[in-house]
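**Q** Just so it is clear, I am handing over query-v3.pdb, which has PDB, C-alpha atoms and all ligand atoms.
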ATOM      1  CA  MET Q1313       2.179  -6.084 -98.665
ATOM      2  CA  PHE Q1314       1.480  -9.491-100.151
ATOM      3  CA  LEU Q1315      -1.621 -11.598-100.686
ATOM      4  CA  VAL Q1316      -2.396 -14.914 -99.026
ATOM      5  CA  GLY Q1317      -5.141 -17.043-100.583
ATOM      6  CA  LEU Q1318      -6.996 -19.216 -98.096
ATOM      7  CA  THR Q1319      -9.279 -22.033 -99.125
ATOM      8  CA  GLY Q1320     -10.472 -25.494 -98.084
ATOM      9  CA  GLY Q1321     -13.461 -27.762 -98.501
ATOM     10  CA  ILE Q1322     -17.015 -27.687 -97.276
ATOM     11  CA  ALA Q1323     -17.045 -27.678 -93.457
ATOM     12  CA  SER Q1324     -13.269 -28.104 -93.292
ATOM     13  CA  GLY Q1325     -13.005 -25.141 -90.910
ATOM     14  CA  LYS Q1326     -12.236 -22.095 -93.097
ATOM     15  CA  SER Q1327     -14.550 -19.696 -91.275
ATOM     16  CA  SER Q1328     -13.283 -20.863 -87.899
ATOM     17  CA  VAL Q1329      -9.665 -20.360 -88.976
ATOM     18  CA  ILE Q1330     -10.442 -16.953 -90.492
ATOM     19  CA  GLN Q1331     -11.874 -15.872 -87.144
ATOM     20  CA  VAL Q1332      -8.558 -16.670 -85.472
ATOM     21  CA  PHE Q1333      -6.645 -14.652 -88.056
ATOM     22  CA  GLN Q1334      -9.039 -11.768 -87.410
ATOM     23  CA  GLN Q1335      -8.523 -12.050 -83.669
ATOM     24  CA  LEU Q1336      -4.797 -11.782 -84.371
ATOM     25  CA  GLY Q1337      -5.509  -8.472 -86.099
ATOM     26  CA  CYS Q1338      -5.063  -9.702 -89.666
ATOM     27  CA  ALA Q1339      -6.689  -8.136 -92.699
ATOM     28  CA  VAL Q1340      -9.198 -10.503 -94.296
ATOM     29  CA  ILE Q1341     -11.180 -10.115 -97.500
ATOM     30  CA  ASP Q1342     -14.046 -12.509 -98.167
ATOM     31  CA  VAL Q1343     -14.193 -12.982-101.927
ATOM     32  CA  ASP Q1344     -17.629 -14.605-101.657
ATOM     33  CA  VAL Q1345     -18.978 -11.380-100.142
ATOM     34  CA  ILE Q1346     -17.381  -9.399-102.974
ATOM     35  CA  ALA Q1347     -18.893 -11.786-105.545
ATOM     36  CA  ARG Q1348     -22.355 -11.108-104.097
ATOM     37  CA  HIS Q1349     -21.687  -7.373-103.851
ATOM     38  CA  VAL Q1350     -20.701  -6.820-107.494
ATOM     39  CA  VAL Q1351     -23.936  -8.299-108.853
ATOM     40  CA  GLN Q1352     -26.220  -6.022-106.850
ATOM     41  CA  PRO Q1353     -28.675  -3.834-108.791
ATOM     42  CA  GLY Q1354     -26.972  -0.717-110.105
ATOM     43  CA  TYR Q1355     -23.587  -2.393-110.648
ATOM     44  CA  PRO Q1356     -22.329  -3.015-114.212
ATOM     45  CA  ALA Q1357     -22.181  -6.809-113.702
ATOM     46  CA  HIS Q1358     -25.877  -6.848-112.740
ATOM     47  CA  ARG Q1359     -26.858  -5.093-115.953
ATOM     48  CA  ARG Q1360     -24.688  -7.365-118.087
ATOM     49  CA  ILE Q1361     -26.046 -10.520-116.441
ATOM     50  CA  VAL Q1362     -29.617  -9.436-117.198
ATOM     51  CA  GLU Q1363     -28.611  -8.616-120.809
ATOM     52  CA  ALA Q1364     -26.996 -12.050-121.199
ATOM     53  CA  PHE Q1365     -29.425 -14.290-119.304
ATOM     54  CA  GLY Q1366     -32.720 -12.388-119.397
ATOM     55  CA  THR Q1367     -35.012 -11.022-116.726
ATOM     56  CA  GLU Q1368     -35.941 -14.520-115.552
ATOM     57  CA  VAL Q1369     -32.769 -14.462-113.422
ATOM     58  CA  LEU Q1370     -34.213 -11.593-111.368
ATOM     59  CA  LEU Q1371     -36.091 -11.718-108.093
ATOM     60  CA  GLU Q1372     -39.035  -9.369-107.568
ATOM     61  CA  ASN Q1373     -36.832  -6.845-105.767
ATOM     62  CA  GLY Q1374     -34.373  -6.752-108.688
ATOM     63  CA  ASP Q1375     -31.667  -8.874-107.032
ATOM     64  CA  ILE Q1376     -30.123 -11.719-108.976
ATOM     65  CA  ASN Q1377     -31.823 -15.028-108.206
ATOM     66  CA  ARG Q1378     -28.678 -17.050-107.557
ATOM     67  CA  LYS Q1379     -30.536 -20.349-107.573
ATOM     68  CA  VAL Q1380     -32.065 -19.729-111.031
ATOM     69  CA  LEU Q1381     -28.762 -18.443-112.410
ATOM     70  CA  GLY Q1382     -26.953 -21.437-110.914
ATOM     71  CA  ASP Q1383     -29.434 -23.804-112.596
ATOM     72  CA  LEU Q1384     -28.992 -21.993-115.922
ATOM     73  CA  ILE Q1385     -25.226 -22.488-115.971
ATOM     74  CA  PHE Q1386     -25.253 -25.976-114.428
ATOM     75  CA  ASN Q1387     -23.572 -28.365-116.905
ATOM     76  CA  GLN Q1388     -23.432 -25.549-119.488
ATOM     77  CA  PRO Q1389     -19.721 -24.676-119.877
ATOM     78  CA  ASP Q1390     -20.392 -21.898-122.402
ATOM     79  CA  ARG Q1391     -22.895 -20.150-120.163
ATOM     80  CA  ARG Q1392     -20.691 -20.615-117.111
ATOM     81  CA  HIS Q1393     -17.800 -19.088-119.073
ATOM     82  CA  LEU Q1394     -19.987 -16.162-120.105
ATOM     83  CA  LEU Q1395     -21.012 -15.530-116.496
ATOM     84  CA  ASN Q1396     -17.378 -15.727-115.397
ATOM     85  CA  THR Q1397     -16.276 -13.228-118.042
ATOM     86  CA  ILE Q1398     -18.893 -10.827-116.679
ATOM     87  CA  THR Q1399     -18.238 -11.261-112.969
ATOM     88  CA  HIS Q1400     -14.542 -12.090-112.617
ATOM     89  CA  PRO Q1401     -13.108  -8.728-113.793
ATOM     90  CA  GLU Q1402     -15.515  -6.915-111.434
ATOM     91  CA  ILE Q1403     -14.552  -9.205-108.549
ATOM     92  CA  ARG Q1404     -10.859  -8.643-109.278
ATOM     93  CA  LYS Q1405     -11.337  -4.861-109.382
ATOM     94  CA  GLU Q1406     -13.216  -4.852-106.065
ATOM     95  CA  MET Q1407     -10.655  -7.173-104.529
ATOM     96  CA  MET Q1408      -7.812  -4.864-105.526
ATOM     97  CA  LYS Q1409      -9.746  -1.867-104.148
ATOM     98  CA  GLU Q1410     -10.248  -3.602-100.795
ATOM     99  CA  THR Q1411      -6.597  -4.658-100.728
ATOM    100  CA  PHE Q1412      -5.494  -1.106-101.434
ATOM    101  CA  LYS Q1413      -7.671   0.138 -98.569
ATOM    102  CA  TYR Q1414      -5.834  -2.235 -96.256
ATOM    103  CA  PHE Q1415      -2.550  -1.040 -97.719
ATOM    104  CA  LEU Q1416      -3.419   2.513 -96.696
ATOM    105  CA  ARG Q1417      -4.877   1.630 -93.296
ATOM    106  CA  GLY Q1418      -2.676   1.316 -90.207
ATOM    107  CA  SER Q1419      -2.070  -2.108 -88.704
ATOM    108  CA  ARG Q1420      -4.095  -3.267 -85.735
ATOM    109  CA  SER Q1421      -2.037  -6.435 -85.476
ATOM    110  CA  ARG Q1422       0.463  -4.930 -83.032
ATOM    111  CA  ARG Q1423      -2.305  -3.775 -80.733
ATOM    112  CA  THR Q1424      -4.723  -6.705 -80.694
ATOM    113  CA  GLN Q1425      -3.168 -10.028 -79.831
ATOM    114  CA  PRO Q1426      -5.816 -11.567 -77.554
ATOM    115  CA  LEU Q1427      -5.378 -15.105 -78.743
ATOM    116  CA  ALA Q1428      -1.683 -15.814 -78.454
ATOM    117  CA  PRO Q1429      -1.356 -15.233 -74.687
ATOM    118  CA  ALA Q1430      -4.383 -17.473 -74.133
ATOM    119  CA  LEU Q1431      -2.694 -20.208 -76.127
ATOM    120  CA  LEU Q1432       0.549 -19.853 -74.272
ATOM    121  CA  THR Q1433      -1.051 -20.184 -70.859
ATOM    122  CA  SER Q1434      -2.958 -23.304 -71.923
ATOM    123  CA  PRO Q1435      -1.714 -26.084 -69.640
ATOM    124  CA  ALA Q1436      -2.284 -28.866 -72.148
ATOM    125  CA  SER Q1437       0.746 -29.872 -74.179
ATOM    126  CA  PRO Q1438      -0.239 -29.861 -77.857
ATOM    127  CA  PRO Q1439      -0.959 -33.259 -79.374
ATOM    128  CA  VAL Q1440       1.002 -34.329 -82.436
ATOM    129  CA  VAL Q1441      -0.742 -33.325 -85.625
ATOM    130  CA  GLN Q1442      -0.812 -35.940 -88.341
ATOM    131  CA  GLY Q1443      -0.643 -33.707 -91.373
ATOM    132  CA  LEU Q1444      -0.175 -34.515 -95.032
ATOM    133  CA  HIS Q1445       3.158 -35.301 -96.688
ATOM    134  CA  GLY Q1446       4.906 -35.902 -93.375
ATOM    135  CA  ARG Q1447       3.956 -32.482 -92.053
ATOM    136  CA  GLY Q1448       2.914 -34.029 -88.733
ATOM    137  CA  SER Q1449       6.350 -34.225 -87.140
ATOM    138  CA  ARG Q1450       7.349 -30.801 -88.436
ATOM    139  CA  THR Q1451       4.138 -29.324 -87.089
ATOM    140  CA  SER Q1452       4.735 -30.765 -83.641
ATOM    141  CA  GLN Q1453       8.296 -29.359 -83.650
ATOM    142  CA  LEU Q1454       6.915 -25.989 -84.577
ATOM    143  CA  LEU Q1455       4.261 -26.220 -81.917
ATOM    144  CA  GLY Q1456       7.021 -26.797 -79.401
ATOM    145  CA  ALA Q1457       8.676 -23.615 -80.578
ATOM    146  CA  LEU Q1458       5.520 -21.589 -80.167
ATOM    147  CA  THR Q1459       6.730 -19.663 -77.152
ATOM    148  CA  SER Q1460       9.694 -18.071 -78.890
ATOM    149  CA  ILE Q1461       7.637 -17.316 -81.970
ATOM    150  CA  HIS Q1462       4.964 -15.633 -79.892
ATOM    151  CA  VAL Q1463       7.595 -13.325 -78.450
ATOM    152  CA  GLN Q1464       8.554 -12.300 -81.961
ATOM    153  CA  VAL Q1465       4.935 -11.685 -82.910
ATOM    154  CA  SER Q1466       4.006  -9.554 -79.966
ATOM    155  CA  GLU Q1467       7.264  -7.773 -79.248
ATOM    156  CA  ALA Q1468       8.405  -6.870 -82.731
ATOM    157  CA  PRO Q1469       9.147  -3.149 -82.854
ATOM    158  CA  PRO Q1470       6.448  -1.063 -84.488
ATOM    159  CA  ALA Q1471       8.728  -0.501 -87.449
ATOM    160  CA  PHE Q1472       5.980  -0.260 -90.027
ATOM    161  CA  GLN Q1473       2.515   1.000 -90.593
ATOM    162  CA  GLY Q1474       0.002  -0.941 -92.632
ATOM    163  CA  TYR Q1475      -0.645  -4.634 -92.975
ATOM    164  CA  ARG Q1476       2.168  -6.849 -94.149
ATOM    165  CA  TYR Q1477      -0.212  -9.324 -95.719
ATOM    166  CA  VAL Q1478      -3.886  -9.604 -96.581
ATOM    167  CA  ILE Q1479      -5.774 -12.893 -96.462
ATOM    168  CA  LEU Q1480      -8.234 -13.544 -99.244
ATOM    169  CA  ASP Q1481     -10.848 -16.107 -98.326
ATOM    170  CA  ILE Q1482     -11.530 -17.771-101.700
ATOM    171  CA  PRO Q1483     -13.589 -20.975-101.581
ATOM    172  CA  LEU Q1484     -12.830 -21.878-105.235
ATOM    173  CA  LEU Q1485      -9.192 -20.715-105.363
ATOM    174  CA  PHE Q1486      -7.888 -23.951-106.922
ATOM    175  CA  GLU Q1487     -10.985 -24.691-109.000
ATOM    176  CA  THR Q1488     -11.118 -21.461-110.970
ATOM    177  CA  LYS Q1489      -7.360 -20.746-110.694
ATOM    178  CA  GLN Q1490      -8.095 -17.166-111.828
ATOM    179  CA  LEU Q1491      -6.793 -15.511-108.683
ATOM    180  CA  LEU Q1492      -3.913 -17.894-108.018
ATOM    181  CA  LYS Q1493      -1.363 -15.746-109.833
ATOM    182  CA  TYR Q1494      -1.907 -12.874-107.394
ATOM    183  CA  MET Q1495      -1.230 -15.010-104.301
ATOM    184  CA  ALA Q1496       2.232 -15.015-102.784
ATOM    185  CA  HIS Q1497       1.102 -17.791-100.427
ATOM    186  CA  THR Q1498      -1.725 -20.304-100.523
ATOM    187  CA  VAL Q1499      -3.260 -21.917 -97.442
ATOM    188  CA  VAL Q1500      -5.609 -24.889 -97.308
ATOM    189  CA  VAL Q1501      -7.668 -25.616 -94.228
ATOM    190  CA  TYR Q1502      -7.664 -29.388 -94.321
ATOM    191  CA  CYS Q1503      -9.386 -32.097 -92.342
ATOM    192  CA  ASP Q1504      -9.645 -35.810 -93.021
ATOM    193  CA  ARG Q1505     -12.717 -37.010 -94.858
ATOM    194  CA  ASP Q1506     -14.428 -38.761 -91.942
ATOM    195  CA  THR Q1507     -14.065 -35.674 -89.772
ATOM    196  CA  GLN Q1508     -15.285 -33.436 -92.581
ATOM    197  CA  LEU Q1509     -18.297 -35.670 -93.112
ATOM    198  CA  ALA Q1510     -19.153 -35.807 -89.409
ATOM    199  CA  ARG Q1511     -18.837 -32.020 -88.973
ATOM    200  CA  LEU Q1512     -20.863 -31.325 -92.102
ATOM    201  CA  MET Q1513     -23.650 -33.714 -91.048
ATOM    202  CA  GLN Q1514     -23.768 -32.159 -87.614
ATOM    203  CA  ARG Q1515     -23.590 -28.525 -88.696
ATOM    204  CA  ASN Q1516     -26.062 -28.745 -91.590
ATOM    205  CA  HIS Q1517     -28.294 -31.474 -90.073
ATOM    206  CA  LEU Q1518     -27.731 -33.666 -93.130
ATOM    207  CA  ASN Q1519     -27.935 -37.402 -93.491
ATOM    208  CA  ARG Q1520     -24.770 -39.242 -94.547
ATOM    209  CA  GLN Q1521     -25.833 -39.566 -98.194
ATOM    210  CA  ASP Q1522     -26.567 -35.858 -98.679
ATOM    211  CA  ALA Q1523     -23.406 -34.829 -96.877
ATOM    212  CA  GLU Q1524     -21.313 -37.207 -98.985
ATOM    213  CA  ALA Q1525     -22.899 -35.819-102.164
ATOM    214  CA  ARG Q1526     -21.863 -32.296-101.176
ATOM    215  CA  ILE Q1527     -18.306 -33.344-100.449
ATOM    216  CA  GLU Q1528     -18.068 -35.331-103.707
ATOM    217  CA  ALA Q1529     -19.227 -32.276-105.690
ATOM    218  CA  GLN Q1530     -16.001 -30.490-104.744
ATOM    219  CA  LEU Q1531     -12.375 -30.955-105.735
ATOM    220  CA  PRO Q1532     -10.960 -33.483-103.207
ATOM    221  CA  LEU Q1533      -9.522 -31.713-100.187
ATOM    222  CA  LYS Q1534      -6.378 -33.855-100.382
ATOM    223  CA  ASP Q1535      -5.712 -32.528-103.895
ATOM    224  CA  LYS Q1536      -6.137 -28.953-102.697
ATOM    225  CA  ALA Q1537      -3.780 -29.643 -99.817
ATOM    226  CA  ARG Q1538      -1.167 -30.936-102.268
ATOM    227  CA  MET Q1539      -1.401 -27.729-104.305
ATOM    228  CA  ALA Q1540      -1.135 -25.396-101.312
ATOM    229  CA  ARG Q1541       2.019 -23.911 -99.872
ATOM    230  CA  HIS Q1542       0.671 -24.199 -96.304
ATOM    231  CA  VAL Q1543      -1.737 -26.734 -94.863
ATOM    232  CA  LEU Q1544      -3.576 -26.100 -91.619
ATOM    233  CA  ASP Q1545      -4.657 -29.515 -90.418
ATOM    234  CA  ASN Q1546      -7.987 -29.098 -88.672
ATOM    235  CA  SER Q1547      -8.663 -32.811 -88.209
ATOM    236  CA  GLY Q1548      -7.953 -32.709 -84.516
ATOM    237  CA  GLU Q1549      -8.831 -30.602 -81.527
ATOM    238  CA  TRP Q1550      -9.554 -26.965 -82.091
ATOM    239  CA  SER Q1551      -6.746 -25.830 -79.788
ATOM    240  CA  VAL Q1552      -4.250 -27.597 -82.084
ATOM    241  CA  THR Q1553      -5.611 -25.770 -85.102
ATOM    242  CA  LYS Q1554      -5.429 -22.423 -83.318
ATOM    243  CA  ARG Q1555      -1.766 -23.012 -82.536
ATOM    244  CA  GLN Q1556      -1.080 -23.760 -86.189
ATOM    245  CA  VAL Q1557      -2.752 -20.490 -87.159
ATOM    246  CA  VAL Q1558      -0.615 -18.525 -84.684
ATOM    247  CA  LEU Q1559       2.512 -20.166 -86.086
ATOM    248  CA  LEU Q1560       1.557 -19.432 -89.653
ATOM    249  CA  HIS Q1561       0.736 -15.830 -88.767
ATOM    250  CA  ALA Q1562       4.173 -15.492 -87.170
ATOM    251  CA  GLU Q1563       5.839 -16.950 -90.273
ATOM    252  CA  LEU Q1564       3.973 -14.606 -92.600
ATOM    253  CA  GLU Q1565       4.702 -11.604 -90.387
ATOM    254  CA  ARG Q1566       8.410 -12.432 -90.444
ATOM    255  CA  SER Q1567       8.451 -12.707 -94.218
ATOM    256  CA  LEU Q1568      10.048  -9.816 -96.095
ATOM    257  CA  GLU Q1569       7.786 -10.298 -99.093
ATOM    258  CA  TYR Q1570       5.835  -7.190 -98.124
ATOM    259  CA  LEU Q1571       8.876  -4.977 -98.808
ATOM    260  CA  PRO Q1572       8.965  -4.702-102.639
ATOM    261  CA  LEU Q1573       5.473  -3.218-102.912
ATOM    262  CA  ARG Q1574       5.999  -0.898 -99.969
ATOM    263  CA  LEU Q1575       9.375   0.300-101.285
ATOM    264  CA  GLY Q1576       7.854   0.703-104.737
ATOM    265  CA  VAL Q1577       5.045   2.877-103.415
ATOM    266  CA  LEU Q1578       7.414   4.911-101.233
ATOM    267  CA  THR Q1579       9.791   5.447-104.158
ATOM    268  CA  GLY Q1580       6.865   6.507-106.343
ATOM    269  CA  LEU Q1581       5.652   8.979-103.717
ATOM    270  CA  ALA Q1582       9.156  10.368-103.232
ATOM    271  CA  GLY Q1583       9.500  10.793-107.013
ATOM    272  CA  LEU Q1584       6.138  12.564-107.163
ATOM    273  CA  ALA Q1585       7.080  14.883-104.302
ATOM    274  CA  GLY Q1586      10.393  15.707-106.039
ATOM    275  CA  LEU Q1587       8.582  16.443-109.279
ATOM    276  CA  LEU Q1588       6.102  18.723-107.533
ATOM    277  CA  TYR Q1589       8.969  20.543-105.821
ATOM    278  CA  LEU Q1590      10.774  21.109-109.121
ATOM    279  CA  LEU Q1591       7.581  22.246-110.842
ATOM    280  CA  THR Q1592       6.832  24.713-108.050
ATOM    281  CA  ARG Q1593      10.355  26.106-108.256
ATOM    282  CA  CYS Q1594      10.168  26.493-112.033
ATOM    283  CA  LEU Q1595       6.661  27.940-112.191
ATOM    284  CA  LEU Q1596       6.671  30.308-109.235
ATOM    285  CA  PRO Q1597       8.445  33.613-109.854
ATOM    286  CA  SER Q1598      11.654  33.884-107.836
ATOM    287  CA  PRO Q1599      11.588  36.648-105.177
TER     288      PRO Q1599
HETATM  289  N1  LIG C1601     -11.246 -28.455 -84.823
HETATM  290  C1  LIG C1601     -12.563 -28.549 -84.715
HETATM  291  N2  LIG C1601     -13.137 -29.345 -83.800
HETATM  292  C2  LIG C1601     -14.479 -29.455 -83.716
HETATM  293  N3  LIG C1601     -15.362 -28.820 -84.507
HETATM  294  C3  LIG C1601     -14.836 -27.997 -85.451
HETATM  295  C4  LIG C1601     -13.430 -27.818 -85.606
HETATM  296  N4  LIG C1601     -13.232 -26.954 -86.605
HETATM  297  C5  LIG C1601     -14.445 -26.604 -87.067
HETATM  298  N5  LIG C1601     -15.412 -27.222 -86.368
HETATM  299  C6  LIG C1601     -16.859 -27.142 -86.615
HETATM  300  O1  LIG C1601     -17.069 -27.686 -87.912
HETATM  301  C7  LIG C1601     -18.063 -26.955 -88.601
HETATM  302  C8  LIG C1601     -17.483 -26.431 -89.900
HETATM  303  O2  LIG C1601     -16.555 -25.394 -89.623
HETATM  304  P1  LIG C1601     -16.572 -24.043 -90.469
HETATM  305  O3  LIG C1601     -17.955 -23.505 -90.550
HETATM  306  O4  LIG C1601     -15.507 -23.176 -89.923
HETATM  307  O5  LIG C1601     -16.135 -24.622 -91.869
HETATM  308  P2  LIG C1601     -16.090 -23.900 -93.299
HETATM  309  O6  LIG C1601     -14.941 -24.510 -94.031
HETATM  310  O7  LIG C1601     -16.102 -22.425 -93.155
HETATM  311  O8  LIG C1601     -17.452 -24.409 -93.907
HETATM  312  P3  LIG C1601     -18.252 -23.905 -95.232
HETATM  313  O9  LIG C1601     -17.289 -23.556 -96.290
HETATM  314  O10 LIG C1601     -19.072 -25.118 -95.570
HETATM  315  O11 LIG C1601     -19.095 -22.747 -94.766
HETATM  316  C9  LIG C1601     -18.548 -25.872 -87.667
HETATM  317  O12 LIG C1601     -19.702 -26.324 -87.029
HETATM  318  C10 LIG C1601     -17.392 -25.720 -86.676
HETATM  319  O13 LIG C1601     -17.845 -25.277 -85.430
END
Please render this file's structure as structure tokens.
Ligand SMILES: Nc1ncnc2c1ncn2[C@@H]1O[C@H](COP(=O)(O)OP(=O)(O)OP(=O)(O)O)[C@@H](O)[C@H]1O
**A**
Amino acid sequence: MFLVGLTGGIASGKSSVIQVFQQLGCAVIDVDVIARHVVQPGYPAHRRIVEAFGTEVLLENGDINRKVLGDLIFNQPDRRHLLNTITHPEIRKEMMKETFKYFLRGSRSRRTQPLAPALLTSPASPPVVQGLHGRGSRTSQLLGALTSIHVQVSEAPPAFQGYRYVILDIPLLFETKQLLKYMAHTVVVYCDRDTQLARLMQRNHLNRQDAEARIEAQLPLKDKARMARHVLDNSGEWSVTKRQVVLLHAELERSLEYLPLRLGVLTGLAGLAGLLYLLTRCLLPSP
């Protein structure tokens, strides 16, 4: 199994893309959900945050008041660093736990493939995607090859159990960089700025100025796209984005990067079984 970090910008389409991966049967971990989970009352990070920042960061029900905490660390690098040193190890631990659960669970990806057939029967020929760094022409070639790739996705023999890769949805993957080293692949859900602005204004009912301020507060999406190994260009029609997701899923499924960990675990288990066998033979009296 290997990890795939997925990120993007505000309203660039991350949640929409994640939904497609889920429909394809992929394992997805939302790191934002984990970050909220580990600071709940009763967890070590909650206690340490209260020790470090005082009870004024608490709501009446004992939950962390994220707004107050956010204001406290705003423009305060030392305090932000302190908060990160409290939360990041807990987030990492939880993330690894969730990943391990997926490692143990069987794959649903061979059984649930509702999206790909729908895409294949779509009568519309896919428009050319104008991606970054000349990706547009390559993307359209790949889109043309979708049919053969789909066959590989859906008809691959059930030669393995467990997920080959897990997607981690990490909004600040490139900003904090903390989790980058664990990712075998990085994916950015990109869309051009005008489209991002229009979608953000529409979705959040914002005026242009407020929407622009929110976009400006983030690392530019173009920079994130340059740092990523894969870019899903969501500037165009949704059907085009869905096809890109199917292609990327097929590429990741074909990758052999899942093998080292699986072989390592299998070798470890075999070694353990051998050891137990030898111990039993030595300790039990022979008949
Ligand atoms: N290709 C598309 N065509 C039209 N609308 C789209 C497309 N992709 C996404 N949208 C719309 O744009 C909005 C933003 O998408 P989405 O919520 O998936 O983005 P996000 O990156 O998860 O946003 P955030 O991080 O701000 O929560 C939504 O209203 C969604 O329906």
**Q** Just give me the gap between CA of Trp1550 (chain Q) and atom C8 of ligand LIG 1601 (chain C) in Å, one decimal is fine.
**A**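 About the pair CA of Trp1550 (chain Q) and atom C8 of ligand LIG 1601 (chain C): they are 11.1 Å apart.
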**Q** Do you know which residues lie at most 8 Å from (5.6, -10.6, -95.2), with coordinates as in the file and only C-alpha atoms counted, and could you write them as a list in words?
**A**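 Neighbouring residues, ordered by chain and number, come to Met1313, Phe1314, Arg1476, Tyr1477, Leu1564, Glu1565, Arg1566, Ser1567, Leu1568, Glu1569, Tyr1570 and Leu1571 of chain Q.
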**Q** Which residues match the PyMOL selection byres (((chain Q and resi 1359) around 12) and not hetatm) in the file above, as a list in words?
**A**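 Evaluating the PyMOL selection byres (((chain Q and resi 1359) around 12) and not hetatm) on this file yields Val1350, Val1351, Gln1352, Pro1353, Gly1354, Tyr1355, Pro1356, Ala1357, His1358, Arg1360, Ile1361, Val1362, Glu1363, Ala1364, Phe1365, Gly1366, Thr1367, Val1369, Leu1370, Gly1374, Asp1375, Ile1376, Leu1395, Ile1398 and Thr1399 of chain Q.
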**Q** Residues at most 10 Å from ligand LIG 1601 (chain C), using all atoms listed in the file? Could they come as an NGL selection string?
**A** :Q and (1319-1331 or 1481-1483 or 1500-1503 or 1507-1516 or 1526-1527 or 1545-1554)
**Q** Any idea what the distance is between CA of Ala1537 (chain Q) and CA of Val1499 (chain Q)?
**A**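 A separation of 8.1 Å between them.
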**Q** One number please: CA of Glu1402 (chain Q) to CA of Ile1479 (chain Q), in Å, one decimal.
**A**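 Here the two named atoms are 18.8 Å from each other.
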**Q** Given only C-alpha atoms as the basis, pick out the residue of Q:Val1380, Q:Ala1496, Q:Leu1318, Q:Leu1416 nearest to Lys1536 (chain Q).
**A** Q:Leu1318
**Q** Could you tell me which residues the PyMOL selection byres (((chain Q and resi 1339) around 9) and not hetatm) grabs in this file, written as number ranges by chain?
**A** Q: 1333-1334, 1337-1338, 1340-1341, 1411, 1414, 1419-1421, 1475, 1477-1480
**Q** Please, could N, CA and C atoms be added to region 1519-1530 of chain Q and the result written as a tab-separated table (two decimals), in the frame of the given file?
**A**
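out32.tsv, written as the output of this step:
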chain	number	residue	atom	x	y	z
Q	1519	ASN	N	-28.23	-35.98	-93.62
Q	1519	ASN	CA	-27.94	-37.40	-93.49
Q	1519	ASN	C	-26.63	-37.70	-94.24
Q	1520	ARG	N	-26.08	-38.89	-94.00
Q	1520	ARG	CA	-24.77	-39.24	-94.55
Q	1520	ARG	C	-24.73	-39.09	-96.07
Q	1521	GLN	N	-25.81	-39.57	-96.73
Q	1521	GLN	CA	-25.83	-39.57	-98.19
Q	1521	GLN	C	-25.76	-38.14	-98.75
Q	1522	ASP	N	-26.56	-37.24	-98.19
Q	1522	ASP	CA	-26.57	-35.86	-98.68
Q	1522	ASP	C	-25.23	-35.17	-98.40
Q	1523	ALA	N	-24.69	-35.45	-97.22
Q	1523	ALA	CA	-23.41	-34.83	-96.88
Q	1523	ALA	C	-22.31	-35.34	-97.80
Q	1524	GLU	N	-22.33	-36.64	-98.08
Q	1524	GLU	CA	-21.31	-37.21	-98.98
Q	1524	GLU	C	-21.43	-36.60	-100.37
Q	1525	ALA	N	-22.69	-36.39	-100.82
Q	1525	ALA	CA	-22.90	-35.82	-102.16
Q	1525	ALA	C	-22.29	-34.43	-102.24
Q	1526	ARG	N	-22.43	-33.66	-101.16
Q	1526	ARG	CA	-21.86	-32.30	-101.18
Q	1526	ARG	C	-20.34	-32.32	-101.19
Q	1527	ILE	N	-19.78	-33.25	-100.47
Q	1527	ILE	CA	-18.31	-33.34	-100.45
Q	1527	ILE	C	-17.80	-33.81	-101.82
Q	1528	GLU	N	-18.49	-34.79	-102.40
Q	1528	GLU	CA	-18.07	-35.33	-103.71
Q	1528	GLU	C	-18.14	-34.27	-104.81
Q	1529	ALA	N	-19.05	-33.30	-104.65
Q	1529	ALA	CA	-19.23	-32.28	-105.69
Q	1529	ALA	C	-18.02	-31.33	-105.76
Q	1530	GLN	N	-17.15	-31.41	-104.77
Q	1530	GLN	CA	-16.00	-30.49	-104.74
Q	1530	GLN	C	-14.71	-31.21	-105.14
